[in-house]
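Enquirer: Let me begin by handing over the structure; questions about it come next.
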Amino acid sequence: MPFRALANIADIATIPLREGARALTGDLPHETLSRRCWRGDSRAWIEVRGLDGSDDELGRAVLEAVRAHPGVTSASLNYPLSRVVVDIGGGDASLRDLCRIVDKAEKAEKPSRASKVAKTRAPSLPGDGVVAATRAVTVAATAAGLGIALAGRALRWPRLPIGFQAAVIAVDYQPLLRRVLENSIGGPATDTALTLATAAVETVTQAPASLSVGVAMQSLKAAECRSAARAWRHHEPELARHADQPHSDASQPRAPR
C-alpha cells in the first residue's frame, strides 16, 4: 500500500512535465482545441453549435452530412448536450474528418446566425479533448512560470512590484467584474484566462511560493480531469444507449459528473 501511494504521488507530481511537454510539442489535435469532441473505438461525440431546438433544420443537416460518410454506420442527436453521437463502423472515419463535416453543415445551414452560434456554448463532457488540452496549457504555463521565477530569484533579475497582481485578483474575486468576462467568453474560458493571467503576473513579480501552490493546484486538477476521462470511457457505452435525446424546454443542459 505505501508503494502504491508513493507511485500515485509521483504520477501526480510529474503531470506538469508530461502535460507541458504535450502542449509544447503540439501533441494536442487541432480539433480538440476548436470544438468539444471525443472519439472512442467505435463512437464519437461531437459538439453541434447552435443546436438549441428552436428548429430541426440544423439537426437534420448535420445528421444527413454525417451519415453520408462511408465510415459512419449511424448517428443521433442529443439536444440537451448539443452533441451528435456517431457510430463508426470503419477506421477511415477520423475525428478530424467528422468535425469538419459538422462544421460545414453548420455554416451551410446557419450562415446568417454565425455570430449567435459562435456564442452558443455546449456543456463540456469529461471525455472532451478541449478539457484535457486546457489543463495541459494551464499546468505547463504555471510550471514554466515557477521555473522562471526561481531562476530570476537566483540570478537577481529585476522584478515588477507585487502590486501588479492586484488587477488580476480584482477580476478573479470581484463578482461584477468576473461576470462581465464570463458573459463575454464563458465560465470555463474565464477560469483558464484568469489562471494564465495569474501565472504570468506571478512570474514577472517573481513569486515562487504562489506559483508553487498554483502548480500543485493545477496538477491536482489535471489528475482529476484524467480520472474523469477514465470514468467517461468506462461508462460511455451505457450512456450511448440513451444518447438520442430530443430538445426539451423543461430540462436545462447539464454535463454529467
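By order of appearance in the C-alpha cells: chains A, B, ..., then residues from 1 within every chain, and ligands from 1 in the order shown.
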Residues within 9 Å of A:Leu95, please, as JSON, numbers by chain. Count only C-alpha atoms; anything in the same chain fewer than 5 positions from it doesn't count.

Expert: {"A": [31, 37, 38, 39, 44, 46, 100]}

Enquirer: At a cut-off of 7 Å, using only C-alpha atoms, what residues contact stretch 209-212 of chain A? Leave out same-chain residues fewer than 3 positions from it and give the result as a list in words.

Expert: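 With the cut-off at 7 Å, the set is Thr142, Leu146, Ala199, Glu202, Val215 and Ala216 of chain A.
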
Enquirer: With a distance cut-off of 10 Å and only C-alpha atoms, select the neighbouring residues of A:Lys104, excluding the residue or stretch itself and same-chain residues fewer than 6 positions from it, and output the selection as an MDAnalysis selection string.

Expert: chainID A and resid 61:62 65 98

Enquirer: Identify all residues of stretch 74-236 of chain A in alpha helix (DSSP H) (DSSP on the backbone) and supply them as a PyMOL selection string.

Expert: chain A and resi 95-109+114-119+129-155+165-173+175-185+187-204+208-236

Enquirer: Name the closest residue to A:Ala141 among the candidates A:Ala223, A:Leu51, A:Ala207, A:Ala200; distances are taken between atoms, counting only C-alpha atoms.

Expert: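 The closest residue to A:Ala141 is A:Ala200.
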
Enquirer: Write out as a VMD selection string the set of residues from stretch 36-146 of chain A that DSSP, computed on the backbone, places in strand (DSSP E or B).

Expert: chain A and resid 37 to 39 43 to 47 72 to 78 83 to 88

Enquirer: Just the selected residues (N, CA and C atoms), exported as a PDB file, in the first residue's frame, please.

Expert:
```
ATOM      1  N   CYS A  37     -15.220  17.598 -28.433  1.00  0.00           N
ATOM      2  CA  CYS A  37     -15.445  16.326 -29.111  1.00  0.00           C
ATOM      3  C   CYS A  37     -14.662  15.214 -28.422  1.00  0.00           C
ATOM      4  N   TRP A  38     -15.083  13.992 -28.702  1.00  0.00           N
ATOM      5  CA  TRP A  38     -14.415  12.806 -28.157  1.00  0.00           C
ATOM      6  C   TRP A  38     -14.667  11.642 -29.097  1.00  0.00           C
ATOM      7  N   ARG A  39     -13.661  10.770 -29.218  1.00  0.00           N
ATOM      8  CA  ARG A  39     -13.860   9.553 -30.002  1.00  0.00           C
ATOM      9  C   ARG A  39     -13.276   8.364 -29.272  1.00  0.00           C
ATOM     10  N   ARG A  43     -17.150   4.963 -31.542  1.00  0.00           N
ATOM     11  CA  ARG A  43     -18.159   6.012 -31.415  1.00  0.00           C
ATOM     12  C   ARG A  43     -17.500   7.359 -31.152  1.00  0.00           C
ATOM     13  N   ALA A  44     -18.178   8.415 -31.592  1.00  0.00           N
ATOM     14  CA  ALA A  44     -17.695   9.779 -31.365  1.00  0.00           C
ATOM     15  C   ALA A  44     -18.846  10.651 -30.902  1.00  0.00           C
ATOM     16  N   TRP A  45     -18.534  11.572 -29.989  1.00  0.00           N
ATOM     17  CA  TRP A  45     -19.488  12.583 -29.520  1.00  0.00           C
ATOM     18  C   TRP A  45     -18.924  13.937 -29.954  1.00  0.00           C
ATOM     19  N   ILE A  46     -19.662  14.646 -30.797  1.00  0.00           N
ATOM     20  CA  ILE A  46     -19.147  15.878 -31.390  1.00  0.00           C
ATOM     21  C   ILE A  46     -20.126  17.019 -31.145  1.00  0.00           C
ATOM     22  N   GLU A  47     -19.612  18.141 -30.692  1.00  0.00           N
ATOM     23  CA  GLU A  47     -20.434  19.313 -30.430  1.00  0.00           C
ATOM     24  C   GLU A  47     -21.046  19.855 -31.714  1.00  0.00           C
ATOM     25  N   VAL A  72     -19.376   5.844 -41.358  1.00  0.00           N
ATOM     26  CA  VAL A  72     -20.392   6.028 -40.313  1.00  0.00           C
ATOM     27  C   VAL A  72     -21.523   5.032 -40.519  1.00  0.00           C
ATOM     28  N   THR A  73     -21.875   4.314 -39.467  1.00  0.00           N
ATOM     29  CA  THR A  73     -22.978   3.352 -39.539  1.00  0.00           C
ATOM     30  C   THR A  73     -24.293   3.966 -39.079  1.00  0.00           C
ATOM     31  N   SER A  74     -24.258   4.875 -38.105  1.00  0.00           N
ATOM     32  CA  SER A  74     -25.470   5.541 -37.644  1.00  0.00           C
ATOM     33  C   SER A  74     -25.080   6.803 -36.895  1.00  0.00           C
ATOM     34  N   ALA A  75     -26.068   7.691 -36.710  1.00  0.00           N
ATOM     35  CA  ALA A  75     -25.828   8.937 -35.974  1.00  0.00           C
ATOM     36  C   ALA A  75     -27.129   9.393 -35.348  1.00  0.00           C
ATOM     37  N   SER A  76     -27.040  10.010 -34.181  1.00  0.00           N
ATOM     38  CA  SER A  76     -28.212  10.524 -33.481  1.00  0.00           C
ATOM     39  C   SER A  76     -27.848  11.838 -32.818  1.00  0.00           C
ATOM     40  N   LEU A  77     -28.879  12.581 -32.411  1.00  0.00           N
ATOM     41  CA  LEU A  77     -28.662  13.900 -31.816  1.00  0.00           C
ATOM     42  C   LEU A  77     -29.063  13.891 -30.345  1.00  0.00           C
ATOM     43  N   ASN A  78     -28.219  14.511 -29.532  1.00  0.00           N
ATOM     44  CA  ASN A  78     -28.534  14.738 -28.128  1.00  0.00           C
ATOM     45  C   ASN A  78     -28.651  16.243 -27.948  1.00  0.00           C
ATOM     46  N   ARG A  83     -24.882  17.639 -28.871  1.00  0.00           N
ATOM     47  CA  ARG A  83     -23.928  16.688 -29.455  1.00  0.00           C
ATOM     48  C   ARG A  83     -24.592  15.846 -30.536  1.00  0.00           C
ATOM     49  N   VAL A  84     -23.817  15.499 -31.555  1.00  0.00           N
ATOM     50  CA  VAL A  84     -24.189  14.440 -32.474  1.00  0.00           C
ATOM     51  C   VAL A  84     -23.351  13.222 -32.086  1.00  0.00           C
ATOM     52  N   VAL A  85     -24.020  12.104 -31.868  1.00  0.00           N
ATOM     53  CA  VAL A  85     -23.357  10.874 -31.429  1.00  0.00           C
ATOM     54  C   VAL A  85     -23.253   9.955 -32.643  1.00  0.00           C
ATOM     55  N   VAL A  86     -22.030   9.636 -33.028  1.00  0.00           N
ATOM     56  CA  VAL A  86     -21.767   8.947 -34.285  1.00  0.00           C
ATOM     57  C   VAL A  86     -21.218   7.556 -34.012  1.00  0.00           C
ATOM     58  N   ASP A  87     -21.876   6.543 -34.561  1.00  0.00           N
ATOM     59  CA  ASP A  87     -21.367   5.174 -34.503  1.00  0.00           C
ATOM     60  C   ASP A  87     -20.504   4.936 -35.729  1.00  0.00           C
ATOM     61  N   ILE A  88     -19.287   4.480 -35.486  1.00  0.00           N
ATOM     62  CA  ILE A  88     -18.296   4.340 -36.551  1.00  0.00           C
ATOM     63  C   ILE A  88     -18.065   2.860 -36.828  1.00  0.00           C
TER      64      ILE A  88
END
```
